[in-house]
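Data file: start.txt. Format and content: compact mmCIF, C-alpha atoms (C1' of nucleotides).
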# COMPACT_ATOMS: atom_id res chain seq x y z
CA MET M 858 -15.25 12.71 34.11
CA ARG M 859 -16.79 9.33 33.91
CA LEU M 860 -14.43 6.54 33.02
CA MET M 861 -15.25 4.77 29.82
CA PRO M 862 -14.23 1.14 29.60
CA HIS M 863 -11.92 0.20 26.76
CA PRO M 864 -10.98 -3.44 26.40
CA ALA M 865 -7.27 -4.18 26.36
CA THR M 866 -5.94 -5.13 22.97
CA GLU M 867 -5.62 -8.79 23.86
CA ASP M 868 -9.19 -8.82 25.11
CA ILE M 869 -10.73 -7.68 21.86
CA GLU M 870 -12.92 -10.50 20.62
CA LEU M 871 -13.41 -11.28 16.97
CA THR M 872 -17.12 -11.94 17.19
CA GLU M 873 -17.64 -8.72 19.12
CA VAL M 874 -15.82 -6.75 16.45
CA LEU M 875 -17.77 -8.41 13.68
CA ARG M 876 -21.01 -7.77 15.48
CA ALA M 877 -20.08 -4.14 16.00
CA LEU M 878 -19.29 -3.72 12.32
CA ALA M 879 -22.41 -5.56 11.19
CA ASP M 880 -24.70 -2.59 11.68
CA PRO M 881 -25.04 0.02 8.91
CA VAL M 882 -25.03 2.97 11.30
CA ARG M 883 -21.95 1.80 13.13
CA LEU M 884 -20.19 0.86 9.93
CA GLU M 885 -20.79 4.35 8.63
CA ILE M 886 -19.27 5.81 11.78
CA VAL M 887 -16.24 3.56 11.35
CA VAL M 888 -15.86 4.62 7.74
CA ARG M 889 -15.98 8.28 8.70
CA LEU M 890 -13.30 7.73 11.30
CA ALA M 891 -11.20 5.86 8.77
CA VAL M 892 -11.52 8.61 6.21
CA SER M 893 -11.16 11.65 8.41
CA GLY M 894 -9.35 10.39 11.45
CA GLU M 895 -10.16 11.44 14.97
CA MET M 896 -13.36 13.41 15.34
CA THR M 897 -15.90 14.35 17.94
CA CYS M 898 -18.94 12.21 18.52
CA GLY M 899 -21.04 15.06 17.23
CA VAL M 900 -19.28 15.08 13.88
CA ALA M 901 -19.06 11.31 13.59
CA GLY M 902 -22.75 11.00 14.29
CA ASP M 903 -23.98 13.87 12.14
CA ASP M 904 -26.71 13.08 9.61
CA LEU M 905 -26.90 9.42 10.42
CA GLY M 906 -30.67 9.53 10.56
CA VAL M 907 -30.87 8.42 14.16
CA HIS M 908 -31.50 10.24 17.40
CA LYS M 909 -28.40 11.47 19.18
CA SER M 910 -29.01 9.09 22.05
CA THR M 911 -29.16 6.22 19.61
CA ALA M 912 -25.88 7.35 18.15
CA SER M 913 -24.45 7.50 21.64
CA HIS M 914 -25.44 3.88 22.20
CA HIS M 915 -23.61 2.99 19.01
CA TYR M 916 -20.49 4.80 20.20
CA ARG M 917 -20.59 2.67 23.27
CA THR M 918 -21.00 -0.53 21.31
CA LEU M 919 -18.02 0.35 19.16
CA ARG M 920 -15.97 1.31 22.18
CA GLU M 921 -16.78 -1.80 24.17
CA ALA M 922 -16.04 -3.99 21.18
CA GLY M 923 -12.61 -2.39 20.98
CA VAL M 924 -13.18 -0.79 17.61
CA VAL M 925 -12.83 2.83 18.68
CA HIS M 926 -11.06 4.75 21.39
CA THR M 927 -12.70 7.72 23.06
CA LYS M 928 -11.08 10.50 25.00
CA GLN M 929 -12.61 13.53 26.55
CA VAL M 930 -11.20 16.98 25.89
CA GLY M 931 -13.10 19.72 27.57
CA ARG M 932 -16.72 19.04 26.94
CA LEU M 933 -16.05 17.22 23.69
CA LYS M 934 -15.37 13.56 23.23
CA TYR M 935 -13.06 12.50 20.48
CA MET M 936 -13.31 9.11 18.87
CA SER M 937 -10.66 7.40 16.82
CA LEU M 938 -10.30 4.00 15.21
CA ARG M 939 -8.10 1.55 17.09
CA ARG M 940 -6.36 0.63 13.89
CA ASP M 941 -3.10 -0.62 15.33
CA ASP M 942 -4.82 -2.64 18.00
CA LEU M 943 -7.21 -4.20 15.52
CA ASP M 944 -4.43 -4.84 13.02
CA SER M 945 -2.27 -6.55 15.59
CA ARG M 946 -5.10 -8.66 16.85
CA PHE M 947 -6.85 -9.44 13.54
CA PRO M 948 -4.45 -8.61 10.73
CA GLY M 949 -6.13 -7.39 7.59
CA LEU M 950 -9.65 -7.47 8.96
CA LEU M 951 -10.30 -3.76 9.25
CA ASP M 952 -8.58 -3.02 5.96
CA SER M 953 -10.69 -5.56 4.11
CA VAL M 954 -13.88 -4.16 5.63
CA LEU M 955 -12.91 -0.63 4.74
CA ASN M 956 -11.85 -1.58 1.24
CA ALA M 957 -15.18 -3.30 0.79
CA THR M 958 -16.99 -0.17 1.89
CA LEU M 959 -15.02 2.65 0.31
CA PRO M 960 -15.39 2.82 -3.45
CA MET V 991 -36.42 -30.87 -3.77
CA ARG V 992 -37.00 -27.43 -2.42
CA LEU V 993 -34.99 -24.71 -4.07
CA MET V 994 -32.68 -22.92 -1.73
CA PRO V 995 -32.03 -19.27 -2.49
CA HIS V 996 -28.43 -18.28 -3.00
CA PRO V 997 -27.70 -14.63 -3.57
CA ALA V 998 -25.77 -13.81 -6.71
CA THR V 999 -22.21 -12.80 -6.06
CA GLU V 1000 -22.88 -9.15 -6.77
CA ASP V 1001 -25.80 -9.19 -4.36
CA ILE V 1002 -23.79 -10.33 -1.38
CA GLU V 1003 -23.91 -7.53 1.18
CA LEU V 1004 -21.07 -6.71 3.49
CA THR V 1005 -23.19 -6.13 6.56
CA GLU V 1006 -25.03 -9.39 5.97
CA VAL V 1007 -21.78 -11.29 5.76
CA LEU V 1008 -20.44 -9.62 8.88
CA ARG V 1009 -23.64 -10.37 10.71
CA ALA V 1010 -23.53 -13.99 9.61
CA LEU V 1011 -19.96 -14.34 10.84
CA ALA V 1012 -20.65 -12.57 14.12
CA ASP V 1013 -22.16 -15.58 15.81
CA PRO V 1014 -19.93 -18.16 17.49
CA VAL V 1015 -21.89 -21.14 16.22
CA ARG V 1016 -21.91 -19.92 12.63
CA LEU V 1017 -18.29 -18.91 12.79
CA GLU V 1018 -17.40 -22.40 13.94
CA ILE V 1019 -19.30 -23.87 10.99
CA VAL V 1020 -17.41 -21.57 8.64
CA VAL V 1021 -14.11 -22.57 10.16
CA ARG V 1022 -14.92 -26.24 9.73
CA LEU V 1023 -15.79 -25.68 6.11
CA ALA V 1024 -12.57 -23.74 5.62
CA VAL V 1025 -10.49 -26.48 7.18
CA SER V 1026 -12.14 -29.52 5.72
CA GLY V 1027 -13.85 -28.27 2.61
CA GLU V 1028 -17.26 -29.37 1.49
CA MET V 1029 -19.19 -31.38 4.03
CA THR V 1030 -22.71 -32.40 4.86
CA CYS V 1031 -24.81 -30.31 7.19
CA GLY V 1032 -24.74 -33.19 9.61
CA VAL V 1033 -20.96 -33.16 9.83
CA ALA V 1034 -20.66 -29.39 9.83
CA GLY V 1035 -23.16 -29.16 12.65
CA ASP V 1036 -21.89 -32.02 14.76
CA ASP V 1037 -21.15 -31.27 18.42
CA LEU V 1038 -21.99 -27.61 18.18
CA GLY V 1039 -24.02 -27.78 21.35
CA VAL V 1040 -27.23 -26.69 19.71
CA HIS V 1041 -30.33 -28.51 18.58
CA LYS V 1042 -30.28 -29.71 14.99
CA SER V 1043 -33.10 -27.33 14.10
CA THR V 1044 -31.07 -24.46 15.48
CA ALA V 1045 -28.13 -25.57 13.39
CA SER V 1046 -30.42 -25.70 10.38
CA HIS V 1047 -31.40 -22.09 10.95
CA HIS V 1048 -27.73 -21.18 11.03
CA TYR V 1049 -27.16 -22.96 7.72
CA ARG V 1050 -29.89 -20.85 6.25
CA THR V 1051 -28.46 -17.64 7.63
CA LEU V 1052 -25.07 -18.47 6.17
CA ARG V 1053 -26.57 -19.42 2.85
CA GLU V 1054 -28.76 -16.34 2.56
CA ALA V 1055 -25.86 -14.10 3.47
CA GLY V 1056 -23.90 -15.65 0.62
CA VAL V 1057 -21.27 -17.23 2.83
CA VAL V 1058 -21.96 -20.84 1.96
CA HIS V 1059 -23.32 -22.77 -0.97
CA THR V 1060 -25.55 -25.76 -0.45
CA LYS V 1061 -26.36 -28.53 -2.84
CA GLN V 1062 -28.43 -31.60 -2.34
CA VAL V 1063 -27.10 -35.01 -3.24
CA GLY V 1064 -29.46 -37.80 -2.46
CA ARG V 1065 -30.77 -37.15 0.99
CA LEU V 1066 -27.67 -35.30 2.06
CA LYS V 1067 -26.99 -31.64 1.72
CA TYR V 1068 -23.47 -30.52 1.14
CA MET V 1069 -22.27 -27.12 2.20
CA SER V 1070 -19.17 -25.35 1.01
CA LEU V 1071 -17.66 -21.94 1.56
CA ARG V 1072 -18.18 -19.47 -1.27
CA ARG V 1073 -14.55 -18.48 -1.08
CA ASP V 1074 -14.13 -17.19 -4.61
CA ASP V 1075 -17.33 -15.21 -4.49
CA LEU V 1076 -16.47 -13.68 -1.15
CA ASP V 1077 -12.91 -12.96 -2.23
CA SER V 1078 -14.03 -11.25 -5.38
CA ARG V 1079 -16.61 -9.19 -3.58
CA PHE V 1080 -14.70 -8.40 -0.37
CA PRO V 1081 -11.03 -9.17 -0.98
CA GLY V 1082 -9.19 -10.39 2.07
CA LEU V 1083 -12.19 -10.39 4.36
CA LEU V 1084 -12.70 -14.11 4.72
CA ASP V 1085 -8.99 -14.77 4.96
CA SER V 1086 -8.55 -12.26 7.75
CA VAL V 1087 -11.45 -13.72 9.68
CA LEU V 1088 -10.14 -17.24 9.25
CA ASN V 1089 -6.61 -16.23 10.17
CA ALA V 1090 -7.97 -14.56 13.28
CA THR V 1091 -9.79 -17.74 14.21
CA LEU V 1092 -7.38 -20.49 13.32
CA PRO V 1093 -4.36 -20.62 15.62
C1' DC A 1381 -23.92 31.85 39.31
C1' DG A 1382 -26.87 30.81 35.37
C1' DT A 1383 -27.09 29.05 30.78
C1' DA A 1384 -25.83 26.84 26.65
C1' DT A 1385 -23.31 22.83 24.55
C1' DG A 1386 -22.09 18.01 23.93
C1' DG A 1387 -23.01 13.78 25.07
C1' DT A 1388 -24.86 9.98 28.27
C1' DT A 1389 -28.37 7.46 30.82
C1' DG A 1390 -32.77 5.22 31.73
C1' DG A 1391 -37.30 3.84 30.46
C1' DA A 1392 -40.45 2.26 27.05
C1' DT A 1393 -41.29 0.13 22.79
C1' DT A 1394 -40.63 -2.59 19.02
C1' DA A 1395 -38.05 -5.71 16.10
C1' DT A 1396 -34.69 -9.22 15.64
C1' DT A 1397 -32.46 -13.18 16.98
C1' DG A 1398 -31.06 -17.65 19.15
C1' DT A 1399 -32.96 -21.54 20.98
C1' DC A 1400 -35.70 -25.86 21.61
C1' DA A 1401 -39.34 -29.12 20.68
C1' DA A 1402 -42.31 -31.35 17.79
C1' DA A 1403 -44.02 -32.15 13.41
C1' DC A 1404 -42.99 -32.51 8.70
C1' DA A 1405 -40.74 -33.68 4.09
C1' DA A 1406 -37.66 -35.93 1.00
C1' DT A 1407 -34.85 -39.60 0.05
C1' DT A 1408 -32.88 -44.04 0.60
C1' DA A 1409 -32.68 -48.70 2.53
C1' DG A 1410 -34.89 -53.07 3.83
C1' DC I 152 -44.56 -50.45 0.85
C1' DT I 153 -42.48 -49.51 5.33
C1' DA I 154 -38.48 -47.81 8.17
C1' DA I 155 -34.85 -45.06 8.96
C1' DT I 156 -31.99 -41.06 7.88
C1' DT I 157 -31.23 -36.02 7.00
C1' DG I 158 -32.64 -31.74 7.27
C1' DT I 159 -36.29 -28.25 7.29
C1' DT I 160 -40.27 -25.87 9.03
C1' DT I 161 -43.33 -24.00 12.41
C1' DG I 162 -44.51 -22.32 16.86
C1' DA I 163 -43.27 -20.68 21.25
C1' DC I 164 -40.28 -18.33 24.20
C1' DA I 165 -36.49 -15.69 26.17
C1' DA I 166 -32.81 -12.66 25.37
C1' DT I 167 -30.79 -8.92 22.64
C1' DA I 168 -30.73 -5.04 20.30
C1' DA I 169 -32.23 -0.63 17.89
C1' DT I 170 -34.75 3.21 18.49
C1' DC I 171 -36.91 7.46 20.50
C1' DC I 172 -37.92 10.58 24.20
C1' DA I 173 -37.03 12.90 28.26
C1' DA I 174 -34.14 13.74 31.84
C1' DC I 175 -29.69 14.16 33.25
C1' DC I 176 -24.59 15.46 33.83
C1' DA I 177 -20.28 17.66 33.02
C1' DT I 178 -17.90 21.34 31.09
C1' DA I 179 -17.27 25.91 29.41
C1' DC I 180 -18.90 30.49 28.62
C1' DG I 181 -21.21 35.03 29.77
For the file at hand, write its structure as structure tokens.
Amino acid sequence: MRLMPHPATEDIELTEVLRALADPVRLEIVVRLAVSGEMTCGVAGDDLGVHKSTASHHYRTLREAGVVHTKQVGRLKYMSLRRDDLDSRFPGLLDSVLNATLP
Amino acid sequence: MRLMPHPATEDIELTEVLRALADPVRLEIVVRLAVSGEMTCGVAGDDLGVHKSTASHHYRTLREAGVVHTKQVGRLKYMSLRRDDLDSRFPGLLDSVLNATLP
DNA sequence: CGTATGGTTGGATTATTGTCAAACAATTAG
DNA sequence: CTAATTGTTTGACAATAATCCAACCATACG
């Protein structure tokens, strides 16, 4: 399995997180993860209106920004929000974004 | 004087705000406004390391995203954070960003 | 082993963005 | 009126980013 880089908590940069969240497709992915918890890339990226390779690029952007964590189980990859890491680094940020998105 | 478009509070979009904040130069401007309150573009853009025309483009981006309000007084233009508008639209967002930025 | 599944990678394309430089515009000061 | 001050606009350019397509790779299943 190929190693996927995840930034350490203390290396998560505010502007990178904001940039990652500032795209409608990625924000939708984040909202899905927030609502439903850990899920496979396939589920998280279903019906987004973009090609699967485009979705894959977005997964990477989110991962490299430190927004999501990805682990491989069998031939599936599971993504989850790095809530604790984000909360400890930027308290309240993720919650305010999610509250602004979810009705 | 040329009219500068400011989005109405209810028209401020989350992704636009996030995108506006996701640039180091613009974030620095926002921080200055948060710390010192209303100031002229000249002061807000001092020592940012970019050309004044570049700074002017950033002012526009912030204004059009609904992050700042600009008014002209004489030949100066004063910018201020739209704190109340942002708070009412996206509660806690601006505070969390500022708290993550200010030591 | 061969094949299907789930996702990534690389190339190509197009759109967006950040930047500077130079010209411009509006206002005030002399 | 003429000069200087404050910002904005326009054009050009380079860098980034979003997207699709096709090929690929790793794993599991028959």
**Request:** Could you please determine the separation between atom CA of V:Leu1088 and atom CA of M:His914 in Å, to one decimal place?
**Result:**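 Taking atom CA of V:Leu1088 and atom CA of M:His914, their separation equals 29.1 Å.
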**Request:** For chain V, work out the contacting residues on chain I at 10 Å, counting all atoms listed in the file, and write them as a ChimeraX atom specification.
**Result:** /I:156-160
**Asked** Suppose you want the space between atom C1' of A:DA1403 and atom CA of V:Met994; what is it in Å?
**Response**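 Separation of atom C1' of A:DA1403 and atom CA of V:Met994: 21.0 Å.
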**Prompt:** Taking (-36.5, -8.8, 27.8) in the file's coordinates as the center, which residues reach within 12 Å of it, counting only C-alpha atoms (C1' of nucleotides), put as a list in words?
**Reply:** DA1392, DT1393 and DT1394 of chain A; DC164, DA165, DA166, DT167 and DA168 of chain I
With C-alpha atoms (C1' of nucleotides) retained, export the selected residues as a short mmCIF file (atom, residue, chain, number, x, y, z; two decimals), in the coordinates of the input.
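Once written, out.cif looks like this:
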data_model
loop_
_atom_site.label_atom_id
_atom_site.label_comp_id
_atom_site.auth_asym_id
_atom_site.auth_seq_id
_atom_site.Cartn_x
_atom_site.Cartn_y
_atom_site.Cartn_z
"C1'" DA A 1392 -40.45 2.26 27.05
"C1'" DT A 1393 -41.29 0.13 22.79
"C1'" DT A 1394 -40.63 -2.59 19.02
"C1'" DC I 164 -40.28 -18.33 24.20
"C1'" DA I 165 -36.49 -15.69 26.17
"C1'" DA I 166 -32.81 -12.66 25.37
"C1'" DT I 167 -30.79 -8.92 22.64
"C1'" DA I 168 -30.73 -5.04 20.30
#
**Prompt:** Neighbours of V:Thr1091 within 8 Å (only C-alpha atoms (C1' of nucleotides); same-chain residues fewer than 3 positions away dropped), as a PyMOL selection string?
**Reply:** (chain M and resi 871) or (chain V and resi 1021+1087-1088)
Name the residues in contact with stretch 919-923 of chain M at a cut-off of 9 Å, using all atoms listed in the file, excluding same-chain residues fewer than 5 positions from it; report them as a PDB file with C-alpha atoms, in the coordinates of the input.
ATOM      1  CA  MET M 861     -15.250   4.770  29.820  1.00  0.00           C
ATOM      2  CA  PRO M 862     -14.230   1.140  29.600  1.00  0.00           C
ATOM      3  CA  HIS M 863     -11.920   0.200  26.760  1.00  0.00           C
ATOM      4  CA  PRO M 864     -10.980  -3.440  26.400  1.00  0.00           C
ATOM      5  CA  ALA M 865      -7.270  -4.180  26.360  1.00  0.00           C
ATOM      6  CA  THR M 866      -5.940  -5.130  22.970  1.00  0.00           C
ATOM      7  CA  ASP M 868      -9.190  -8.820  25.110  1.00  0.00           C
ATOM      8  CA  ILE M 869     -10.730  -7.680  21.860  1.00  0.00           C
ATOM      9  CA  GLU M 870     -12.920 -10.500  20.620  1.00  0.00           C
ATOM     10  CA  LEU M 871     -13.410 -11.280  16.970  1.00  0.00           C
ATOM     11  CA  THR M 872     -17.120 -11.940  17.190  1.00  0.00           C
ATOM     12  CA  GLU M 873     -17.640  -8.720  19.120  1.00  0.00           C
ATOM     13  CA  VAL M 874     -15.820  -6.750  16.450  1.00  0.00           C
ATOM     14  CA  LEU M 875     -17.770  -8.410  13.680  1.00  0.00           C
ATOM     15  CA  ARG M 876     -21.010  -7.770  15.480  1.00  0.00           C
ATOM     16  CA  ALA M 877     -20.080  -4.140  16.000  1.00  0.00           C
ATOM     17  CA  LEU M 878     -19.290  -3.720  12.320  1.00  0.00           C
ATOM     18  CA  ARG M 883     -21.950   1.800  13.130  1.00  0.00           C
ATOM     19  CA  VAL M 887     -16.240   3.560  11.350  1.00  0.00           C
ATOM     20  CA  HIS M 914     -25.440   3.880  22.200  1.00  0.00           C
ATOM     21  CA  MET M 936     -13.310   9.110  18.870  1.00  0.00           C
ATOM     22  CA  LEU M 938     -10.300   4.000  15.210  1.00  0.00           C
ATOM     23  CA  ARG M 939      -8.100   1.550  17.090  1.00  0.00           C
ATOM     24  CA  ASP M 942      -4.820  -2.640  18.000  1.00  0.00           C
ATOM     25  CA  LEU M 943      -7.210  -4.200  15.520  1.00  0.00           C
TER      26      LEU M 943
END
**Request:** Can you work out the spacing between atom CA of V:Glu1000 and atom CA of V:Arg1073 in Å, to one decimal?
**Result:**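 Taking atom CA of V:Glu1000 and atom CA of V:Arg1073, their separation equals 13.7 Å.
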**Complete:** Between V:His1041, V:Ser1026, V:Pro1014, V:Val1033, smallest distance to chain A by only C-alpha atoms (C1' of nucleotides) belongs to V:His1041
**Message:** Using only C-alpha atoms (C1' of nucleotides), I'd like every residue of chain A that has an atom within 9 Å of chain V; please write them out as a list of chain:residue names.
**Reply:**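 Residues satisfying the distance criterion: A:DG1398, A:DT1399, A:DC1400, A:DA1406, A:DT1407, A:DT1408.
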**Prompt:** Which residues come within 9 Å of V:Ile1019, counting all atoms listed in the file, excluding same-chain residues fewer than 6 positions away, as a VMD selection string?
**Reply:** chain V and resid 1034 to 1035 1038 1048 to 1049
**Request:** Go through V:Leu1083, V:Val1058, V:Met1029, V:Val1015 and flag the residue nearest chain M, using all atoms listed in the file for the distances.
**Result:**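 Nearest candidate to chain M out of V:Leu1083, V:Val1058, V:Met1029, V:Val1015: V:Leu1083.
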